[in-house]
>>> print(open('entry_14.txt').read())   # compact mmCIF, N, CA, C and O atoms
# COMPACT_ATOMS: atom_id res chain seq x y z
N MET A 13 96.37 87.73 104.17
CA MET A 13 95.10 88.42 104.17
C MET A 13 95.34 89.92 104.00
O MET A 13 96.22 90.51 104.60
N ILE A 14 94.56 90.53 103.14
CA ILE A 14 94.67 91.97 102.89
C ILE A 14 93.84 92.71 103.94
O ILE A 14 92.67 92.43 104.11
N THR A 15 94.48 93.63 104.63
CA THR A 15 93.78 94.43 105.64
C THR A 15 93.67 95.87 105.14
O THR A 15 94.33 96.28 104.20
N GLU A 16 92.83 96.62 105.80
CA GLU A 16 92.67 98.03 105.45
C GLU A 16 94.00 98.77 105.58
O GLU A 16 94.33 99.62 104.76
N GLN A 17 94.78 98.42 106.59
CA GLN A 17 96.08 99.08 106.78
C GLN A 17 97.02 98.77 105.62
O GLN A 17 97.76 99.63 105.16
N ASN A 18 96.99 97.52 105.10
CA ASN A 18 97.80 97.17 103.93
C ASN A 18 97.43 98.05 102.74
O ASN A 18 98.31 98.52 102.01
N ILE A 19 96.14 98.26 102.54
CA ILE A 19 95.67 99.08 101.43
C ILE A 19 96.11 100.54 101.61
O ILE A 19 96.61 101.17 100.68
N LEU A 20 95.95 101.06 102.81
CA LEU A 20 96.38 102.44 103.07
C LEU A 20 97.89 102.59 102.87
O LEU A 20 98.34 103.59 102.31
N ASP A 21 98.66 101.61 103.32
CA ASP A 21 100.12 101.65 103.10
C ASP A 21 100.43 101.63 101.61
O ASP A 21 101.31 102.36 101.15
N GLY A 22 99.71 100.79 100.86
CA GLY A 22 99.91 100.73 99.42
C GLY A 22 99.60 102.05 98.73
O GLY A 22 100.31 102.48 97.83
N LEU A 23 98.53 102.71 99.17
CA LEU A 23 98.19 104.03 98.62
C LEU A 23 99.27 105.05 98.93
O LEU A 23 99.67 105.83 98.07
N ASN A 24 99.75 105.05 100.16
CA ASN A 24 100.79 106.00 100.57
C ASN A 24 102.11 105.76 99.85
O ASN A 24 102.90 106.68 99.67
N ASN A 25 102.37 104.51 99.45
CA ASN A 25 103.63 104.16 98.79
C ASN A 25 103.50 104.12 97.27
O ASN A 25 104.41 103.62 96.59
N ASP A 26 102.40 104.61 96.73
CA ASP A 26 102.17 104.63 95.27
C ASP A 26 102.33 103.25 94.65
O ASP A 26 102.96 103.08 93.61
N GLU A 27 101.74 102.24 95.29
CA GLU A 27 101.86 100.86 94.81
C GLU A 27 100.71 100.44 93.90
O GLU A 27 100.70 99.33 93.40
N PHE A 28 99.74 101.31 93.68
CA PHE A 28 98.60 100.97 92.83
C PHE A 28 98.82 101.56 91.43
O PHE A 28 99.18 102.72 91.29
N VAL A 29 98.61 100.72 90.43
CA VAL A 29 98.78 101.13 89.03
C VAL A 29 97.46 100.89 88.31
O VAL A 29 96.84 99.84 88.48
N TYR A 30 97.03 101.87 87.54
CA TYR A 30 95.75 101.78 86.84
C TYR A 30 95.99 101.42 85.38
O TYR A 30 96.89 101.95 84.74
N PHE A 31 95.17 100.51 84.88
CA PHE A 31 95.22 100.10 83.49
C PHE A 31 93.81 100.21 82.91
O PHE A 31 92.83 100.03 83.63
N TYR A 32 93.73 100.47 81.63
CA TYR A 32 92.44 100.51 80.93
C TYR A 32 92.50 99.46 79.82
O TYR A 32 93.42 99.46 79.02
N GLN A 33 91.53 98.58 79.81
CA GLN A 33 91.49 97.50 78.83
C GLN A 33 90.25 97.67 77.97
O GLN A 33 89.13 97.66 78.48
N PRO A 34 90.44 97.81 76.66
CA PRO A 34 89.27 97.99 75.79
C PRO A 34 88.47 96.70 75.65
O PRO A 34 89.02 95.61 75.69
N LYS A 35 87.16 96.85 75.51
CA LYS A 35 86.28 95.74 75.17
C LYS A 35 85.99 95.88 73.68
O LYS A 35 85.52 96.91 73.23
N VAL A 36 86.27 94.82 72.93
CA VAL A 36 86.12 94.86 71.48
C VAL A 36 85.06 93.85 71.06
O VAL A 36 85.08 92.70 71.50
N SER A 37 84.15 94.27 70.20
CA SER A 37 83.14 93.38 69.66
C SER A 37 83.79 92.39 68.71
O SER A 37 84.55 92.78 67.81
N LEU A 38 83.53 91.11 68.90
CA LEU A 38 84.06 90.10 68.01
C LEU A 38 83.35 90.11 66.66
O LEU A 38 83.88 89.63 65.66
N ILE A 39 82.17 90.69 66.62
CA ILE A 39 81.40 90.74 65.37
C ILE A 39 81.83 91.92 64.50
O ILE A 39 82.09 91.77 63.31
N THR A 40 81.93 93.11 65.10
CA THR A 40 82.25 94.32 64.32
C THR A 40 83.71 94.73 64.41
O THR A 40 84.17 95.58 63.67
N ASP A 41 84.45 94.14 65.35
CA ASP A 41 85.86 94.47 65.59
C ASP A 41 86.03 95.94 66.02
O ASP A 41 87.07 96.54 65.79
N LYS A 42 84.99 96.52 66.63
CA LYS A 42 85.05 97.89 67.12
C LYS A 42 85.07 97.90 68.64
O LYS A 42 84.52 97.01 69.28
N VAL A 43 85.68 98.94 69.17
CA VAL A 43 85.71 99.11 70.62
C VAL A 43 84.30 99.49 71.09
O VAL A 43 83.70 100.43 70.58
N ILE A 44 83.77 98.74 72.06
CA ILE A 44 82.41 98.99 72.55
C ILE A 44 82.41 99.42 74.02
O ILE A 44 81.37 99.64 74.59
N GLY A 45 83.57 99.53 74.62
CA GLY A 45 83.65 99.93 76.02
C GLY A 45 85.06 99.73 76.53
O GLY A 45 85.99 99.46 75.76
N ALA A 46 85.21 99.86 77.84
CA ALA A 46 86.52 99.67 78.45
C ALA A 46 86.35 99.23 79.89
O ALA A 46 85.31 99.49 80.52
N GLU A 47 87.35 98.56 80.40
CA GLU A 47 87.39 98.15 81.80
C GLU A 47 88.50 98.90 82.49
O GLU A 47 89.57 99.10 81.92
N ASP A 48 88.26 99.30 83.72
CA ASP A 48 89.31 99.87 84.56
C ASP A 48 89.90 98.74 85.39
O ASP A 48 89.16 97.99 86.03
N LEU A 49 91.20 98.61 85.36
CA LEU A 49 91.86 97.59 86.16
C LEU A 49 92.82 98.27 87.13
O LEU A 49 93.52 99.21 86.77
N ILE A 50 92.86 97.78 88.35
CA ILE A 50 93.80 98.30 89.33
C ILE A 50 94.70 97.15 89.74
O ILE A 50 94.22 96.10 90.16
N ARG A 51 95.99 97.35 89.58
CA ARG A 51 96.95 96.33 90.00
C ARG A 51 97.76 96.90 91.16
O ARG A 51 98.15 98.06 91.17
N TRP A 52 97.99 96.04 92.12
CA TRP A 52 98.75 96.43 93.30
C TRP A 52 100.15 95.86 93.13
O TRP A 52 100.35 94.66 93.22
N ILE A 53 101.12 96.72 92.87
CA ILE A 53 102.50 96.30 92.68
C ILE A 53 103.24 96.58 93.98
O ILE A 53 103.53 97.72 94.32
N LYS A 54 103.53 95.52 94.71
CA LYS A 54 104.28 95.67 95.95
C LYS A 54 105.74 95.96 95.62
O LYS A 54 106.26 95.52 94.61
N HIS A 55 106.40 96.71 96.46
CA HIS A 55 107.82 97.01 96.26
C HIS A 55 108.68 95.90 96.83
O HIS A 55 109.72 96.13 97.40
N GLU A 56 108.21 94.69 96.66
CA GLU A 56 108.97 93.50 97.05
C GLU A 56 109.08 92.64 95.80
O GLU A 56 108.16 92.59 94.99
N PRO A 57 110.20 91.95 95.62
CA PRO A 57 110.37 91.14 94.41
C PRO A 57 109.24 90.11 94.25
O PRO A 57 108.83 89.46 95.20
N ARG A 58 108.73 90.03 93.03
CA ARG A 58 107.75 89.01 92.62
C ARG A 58 106.42 89.07 93.36
O ARG A 58 105.74 88.07 93.49
N LYS A 59 106.06 90.21 93.88
CA LYS A 59 104.76 90.32 94.54
C LYS A 59 103.87 91.28 93.77
O LYS A 59 104.15 92.46 93.68
N MET A 60 102.82 90.75 93.20
CA MET A 60 101.82 91.57 92.52
C MET A 60 100.47 91.06 92.99
O MET A 60 100.23 89.87 93.03
N ARG A 61 99.61 91.96 93.36
CA ARG A 61 98.28 91.58 93.82
C ARG A 61 97.24 92.21 92.94
O ARG A 61 97.39 93.34 92.50
N PHE A 62 96.18 91.48 92.71
CA PHE A 62 95.03 92.01 91.99
C PHE A 62 93.97 92.30 93.03
O PHE A 62 93.52 91.39 93.73
N VAL A 63 93.59 93.54 93.15
CA VAL A 63 92.68 93.96 94.20
C VAL A 63 91.26 94.04 93.65
O VAL A 63 91.01 94.77 92.70
N PRO A 64 90.33 93.28 94.22
CA PRO A 64 88.94 93.39 93.77
C PRO A 64 88.44 94.82 93.97
O PRO A 64 88.70 95.45 94.99
N LEU A 65 87.73 95.32 92.97
CA LEU A 65 87.28 96.71 93.00
C LEU A 65 86.41 97.01 94.21
O LEU A 65 86.49 98.09 94.78
N HIS A 66 85.61 96.04 94.68
CA HIS A 66 84.73 96.33 95.81
C HIS A 66 85.51 96.66 97.08
O HIS A 66 85.02 97.36 97.94
N ILE A 67 86.75 96.21 97.18
CA ILE A 67 87.57 96.56 98.34
C ILE A 67 87.93 98.04 98.30
O ILE A 67 87.97 98.72 99.31
N LEU A 68 88.18 98.57 97.09
CA LEU A 68 88.60 99.96 96.97
C LEU A 68 87.45 100.94 96.88
O LEU A 68 87.66 102.13 96.84
N GLN A 69 86.23 100.45 96.86
CA GLN A 69 85.08 101.35 96.75
C GLN A 69 84.56 101.81 98.10
O GLN A 69 83.54 102.47 98.16
N ARG A 70 85.25 101.50 99.16
CA ARG A 70 84.80 101.97 100.47
C ARG A 70 84.88 103.48 100.53
O ARG A 70 85.82 104.08 100.02
N GLY A 71 83.95 104.10 101.18
CA GLY A 71 83.88 105.55 101.21
C GLY A 71 85.05 106.23 101.85
O GLY A 71 85.37 107.37 101.52
N HIS A 72 85.75 105.58 102.77
CA HIS A 72 86.82 106.26 103.49
C HIS A 72 88.20 106.07 102.87
O HIS A 72 89.17 106.55 103.38
N LEU A 73 88.30 105.35 101.75
CA LEU A 73 89.61 105.19 101.12
C LEU A 73 89.82 106.20 100.04
O LEU A 73 89.00 106.63 99.34
>>> encode(input="entry_14.txt", output="structure tokens")
Amino acid sequence: MITEQNILDGLNNDEFVYFYQPKVSLITDKVIGAEDLIRWIKHEPRKMRFVPLHILQRGHL
């Protein structure tokens, strides 16, 4: 279970990586927007977590 302390530790240890993924229209083949993705890369072998954005939108983080 992910706790607030886990998230704060991850922030302090620079374990969050930001990615931007373009949204492309299949009809026009043009970029019509983008998604922000946050991946939580733990400094432990084979541990990667995908953090739902609503968890990181808390006002105190």
>>> residues_near_point(input="entry_14.txt", point="(97.7, 102.0, 88.3)", cutoff="7 Å", atoms="all atoms listed in the file", output="PDB file with N, CA, C and O atoms, keeping the file's coordinate frame")
ATOM      1  N   GLU A  27     101.740 102.240  95.290  1.00  0.00           N
ATOM      2  CA  GLU A  27     101.860 100.860  94.810  1.00  0.00           C
ATOM      3  C   GLU A  27     100.710 100.440  93.900  1.00  0.00           C
ATOM      4  O   GLU A  27     100.700  99.330  93.400  1.00  0.00           O
ATOM      5  N   PHE A  28      99.740 101.310  93.680  1.00  0.00           N
ATOM      6  CA  PHE A  28      98.600 100.970  92.830  1.00  0.00           C
ATOM      7  C   PHE A  28      98.820 101.560  91.430  1.00  0.00           C
ATOM      8  O   PHE A  28      99.180 102.720  91.290  1.00  0.00           O
ATOM      9  N   VAL A  29      98.610 100.720  90.430  1.00  0.00           N
ATOM     10  CA  VAL A  29      98.780 101.130  89.030  1.00  0.00           C
ATOM     11  C   VAL A  29      97.460 100.890  88.310  1.00  0.00           C
ATOM     12  O   VAL A  29      96.840  99.840  88.480  1.00  0.00           O
ATOM     13  N   TYR A  30      97.030 101.870  87.540  1.00  0.00           N
ATOM     14  CA  TYR A  30      95.750 101.780  86.840  1.00  0.00           C
ATOM     15  C   TYR A  30      95.990 101.420  85.380  1.00  0.00           C
ATOM     16  O   TYR A  30      96.890 101.950  84.740  1.00  0.00           O
ATOM     17  N   PHE A  31      95.170 100.510  84.880  1.00  0.00           N
ATOM     18  CA  PHE A  31      95.220 100.100  83.490  1.00  0.00           C
ATOM     19  C   PHE A  31      93.810 100.210  82.910  1.00  0.00           C
ATOM     20  O   PHE A  31      92.830 100.030  83.630  1.00  0.00           O
ATOM     21  N   LEU A  49      91.200  98.610  85.360  1.00  0.00           N
ATOM     22  CA  LEU A  49      91.860  97.590  86.160  1.00  0.00           C
ATOM     23  C   LEU A  49      92.820  98.270  87.130  1.00  0.00           C
ATOM     24  O   LEU A  49      93.520  99.210  86.770  1.00  0.00           O
ATOM     25  N   ILE A  50      92.860  97.780  88.350  1.00  0.00           N
ATOM     26  CA  ILE A  50      93.800  98.300  89.330  1.00  0.00           C
ATOM     27  C   ILE A  50      94.700  97.150  89.740  1.00  0.00           C
ATOM     28  O   ILE A  50      94.220  96.100  90.160  1.00  0.00           O
ATOM     29  N   ARG A  51      95.990  97.350  89.580  1.00  0.00           N
ATOM     30  CA  ARG A  51      96.950  96.330  90.000  1.00  0.00           C
ATOM     31  C   ARG A  51      97.760  96.900  91.160  1.00  0.00           C
ATOM     32  O   ARG A  51      98.150  98.060  91.170  1.00  0.00           O
TER      33      ARG A  51
END
>>> atom_distance(input="entry_14.txt", atom1="CA of Trp52 (chain A)", atom2="CA of Thr15 (chain A)")
13.5 Å
>>> residues_around(input="entry_14.txt", residues="Gly45 (chain A)", least_positions_apart="6", cutoff="5 Å", atoms="all atoms listed in the file", output="PyMOL selection string")
chain A and resi 33-35
>>> residues_around(input="entry_14.txt", residues="Asn25 (chain A)", least_positions_apart="4", cutoff="8 Å", atoms="all atoms listed in the file", output="MDAnalysis selection string")
chainID A and resid 18:21 53:55
>>> atom_distance(input="entry_14.txt", atom1="atom O of Glu16 (chain A)", atom2="atom N of Ala46 (chain A)")
28.4 Å
>>> atom_distance(input="entry_14.txt", atom1="atom O of Tyr32 (chain A)", atom2="atom O of Met13 (chain A)")
27.2 Å
>>> select_by_dssp(input="entry_14.txt", residues="region 26-61 of chain A", states="strand (DSSP E or B)", output="list in words")
Phe28, Val29, Tyr30, Phe31, Tyr32, Gln33, Pro34, Lys35, Val36, Val43, Ile44, Gly45, Ala46, Glu47, Asp48, Leu49, Ile50, Arg51, Trp52, Ile53, Met60 and Arg61 of chain A
